[in-house]
>>> print(open('my_file-v6.txt').read())   # compact mmCIF, C-alpha atoms
# COMPACT_ATOMS: atom_id res chain seq x y z
CA MET N 1 3.15 1.59 -13.57
CA ILE N 2 2.82 -1.29 -11.12
CA ASN N 3 5.96 -3.43 -10.82
CA ILE N 4 5.13 -7.12 -10.46
CA ARG N 5 8.00 -9.59 -10.18
CA PRO N 6 8.50 -13.20 -9.16
CA VAL N 7 9.88 -13.53 -5.65
CA THR N 8 13.01 -15.20 -7.08
CA ASP N 9 13.97 -11.76 -8.45
CA LEU N 10 14.82 -10.75 -4.88
CA GLN N 11 17.85 -13.01 -5.08
CA ASN N 12 18.57 -12.93 -8.81
CA LYS N 13 17.93 -9.23 -9.50
CA PHE N 14 18.22 -7.61 -6.09
CA THR N 15 20.04 -4.50 -7.34
CA GLU N 16 17.34 -3.88 -9.96
CA ILE N 17 14.55 -4.19 -7.38
CA GLU N 18 16.51 -2.04 -4.93
CA THR N 19 16.76 0.71 -7.56
CA ILE N 20 13.01 0.59 -8.19
CA VAL N 21 12.09 0.80 -4.50
CA ASN N 22 14.67 3.53 -3.85
CA ASP N 23 12.96 5.53 -6.61
CA GLY N 24 9.79 5.42 -4.47
CA GLN N 25 7.96 2.61 -6.28
CA PRO N 26 6.79 -0.52 -4.48
CA VAL N 27 7.45 -3.90 -6.12
CA PHE N 28 4.73 -6.55 -5.85
CA LEU N 29 6.26 -10.01 -5.57
CA THR N 30 4.59 -13.24 -6.63
CA LYS N 31 5.21 -16.87 -5.74
CA ASN N 32 3.90 -19.53 -8.11
CA GLY N 33 1.86 -16.85 -9.88
CA TYR N 34 0.09 -15.57 -6.77
CA GLY N 35 0.68 -12.36 -4.82
CA SER N 36 3.08 -12.97 -1.98
CA MET N 37 4.50 -9.69 -0.65
CA VAL N 38 5.44 -6.10 -1.42
CA ALA N 39 8.95 -4.68 -1.32
CA MET N 40 9.31 -0.96 -0.66
CA SER N 41 11.92 1.42 0.67
CA ILE N 42 12.00 2.26 4.35
CA GLY N 43 11.29 5.88 3.43
CA TYR N 44 8.19 4.96 1.42
CA TYR N 45 6.97 2.68 4.21
CA SER N 46 7.49 5.44 6.79
CA LEU N 47 5.48 7.88 4.68
CA LEU N 48 2.62 5.37 4.43
CA ALA N 49 2.71 4.53 8.13
CA ASN N 50 2.93 8.16 9.27
CA ASP N 51 0.17 9.23 6.89
CA THR N 52 -2.05 6.38 8.08
CA GLU N 53 -1.46 7.24 11.73
CA ARG N 54 -2.23 10.93 11.08
CA LYS N 55 -5.46 10.03 9.28
CA LEU N 56 -6.55 7.68 12.07
CA ILE N 57 -6.04 10.48 14.60
CA GLU N 58 -8.05 12.87 12.40
CA ALA N 59 -10.83 10.27 12.04
CA SER N 60 -10.97 9.72 15.81
CA GLU N 61 -11.20 13.46 16.42
CA GLU N 62 -13.93 13.85 13.80
CA ALA N 63 -15.90 10.89 15.22
CA ALA N 64 -15.71 12.41 18.70
CA SER N 65 -17.20 15.68 17.44
CA SER N 66 -19.97 14.24 15.23
CA ASP N 67 -22.93 11.88 15.43
CA VAL N 68 -22.45 10.78 11.80
CA ARG N 69 -21.40 7.13 11.42
CA LEU N 70 -20.42 5.30 8.23
CA THR N 71 -20.89 1.66 7.30
CA HIS N 72 -17.98 -0.69 6.64
CA GLU N 73 -18.73 -0.50 2.90
CA GLU N 74 -18.73 3.31 2.93
CA VAL N 75 -15.42 3.53 4.78
CA PHE N 76 -13.52 0.97 2.72
CA GLY N 77 -15.15 2.07 -0.54
CA ASN N 78 -13.89 5.61 0.14
CA ILE N 79 -10.41 4.33 0.97
CA ARG N 80 -10.21 2.28 -2.23
CA TRP N 81 -11.44 5.23 -4.28
CA LYS N 82 -8.94 7.63 -2.68
CA CYS N 83 -6.10 5.17 -3.31
CA GLY N 84 -6.85 5.42 -7.01
CA GLY N 85 -7.46 1.72 -7.48
CA LEU N 86 -3.99 0.71 -6.21
CA PHE N 87 -5.43 -2.15 -4.15
CA THR N 88 -7.68 -3.38 -6.96
CA ALA N 89 -4.85 -3.26 -9.51
CA ALA N 90 -2.66 -5.26 -7.14
CA GLY N 91 -5.38 -7.85 -6.67
CA ILE N 92 -6.02 -6.93 -3.03
>>> encode(input="my_file-v6.txt", output="structure tokens")
Amino acid sequence: MINIRPVTDLQNKFTEIETIVNDGQPVFLTKNGYGSMVAMSIGYYSLLANDTERKLIEASEEAASSDVRLTHEEVFGNIRWKCGGLFTAAGI
């Protein structure tokens, strides 16, 4: 389940948000009803960053060994599909 909270919850309900992010779930924060930022644990962020870096290295290696090239739409369509709609559900 996606956690969406007003940004004021950072101050008013910090402990509750901290518990959610420490359980490995990001919290999407809104300001005046619009997406503003995402709060996540350092561990979750590190996993995302390390996984992204690993995949970029793999993609570079594959591109160097192949003549196949993908369009922007193919690349980002595949990323959105593999993320299971996380970006679409978050309004990104």
>>> closest_residue(input="my_file-v6.txt", among="N:Val68, N:Leu29, N:Val21, N:Leu56", to="Asp9 in chain N", atoms="all atoms listed in the file")
N:Leu29
>>> atom_distance(input="my_file-v6.txt", atom1="CA of Gly33 in chain N", atom2="CA of Ile17 in chain N")
18.1 Å
>>> closest_residue(input="my_file-v6.txt", among="N:Arg5, N:Lys82, N:His72, N:Lys55", to="Gly35 in chain N", atoms="all atoms listed in the file")
N:Arg5
>>> atom_distance(input="my_file-v6.txt", atom1="CA of Gly24 in chain N", atom2="CA of Glu74 in chain N")
29.5 Å
>>> atom_distance(input="my_file-v6.txt", atom1="CA of Gln25 in chain N", atom2="CA of Asn78 in chain N")
23.0 Å
>>> closest_residue(input="my_file-v6.txt", among="N:Asp67, N:Gly77, N:Thr52, N:Ile4", to="Phe28 in chain N", atoms="all atoms listed in the file")
N:Ile4
>>> axis_aligned_box(input="my_file-v6.txt", around="range 28-46 of chain N", padding_each_side="4 Å", output="AutoDock Vina command-line options")
--center_x 6.0 --center_y -6.8 --center_z -1.5 --size_x 19.9 --size_y 33.4 --size_z 24.7
>>> residues_around(input="my_file-v6.txt", residues="Asn32 in chain N", least_positions_apart="6", cutoff="12 Å", atoms="only C-alpha atoms", output="JSON list (two decimals) with C-alpha atoms, in the frame of the given file")
[["chain", "number", "residue", "atom", "x", "y", "z"],
["N", 5, "ARG", "CA", 8.00, -9.59, -10.18],
["N", 6, "PRO", "CA", 8.50, -13.20, -9.16],
["N", 7, "VAL", "CA", 9.88, -13.53, -5.65],
["N", 8, "THR", "CA", 13.01, -15.20, -7.08]]
>>> closest_residue(input="my_file-v6.txt", among="N:Arg54, N:Ser41, N:Ser36, N:Phe76", to="Ile20 in chain N", atoms="all atoms listed in the file")
N:Ser41
>>> closest_residue(input="my_file-v6.txt", among="N:Ala49, N:Ile79, N:Ala64, N:Met40", to="Glu18 in chain N", atoms="all atoms listed in the file")
N:Met40
>>> closest_residue(input="my_file-v6.txt", among="N:Val27, N:Leu48, N:Leu10, N:Val38", to="Cys83 in chain N", atoms="all atoms listed in the file")
N:Leu48
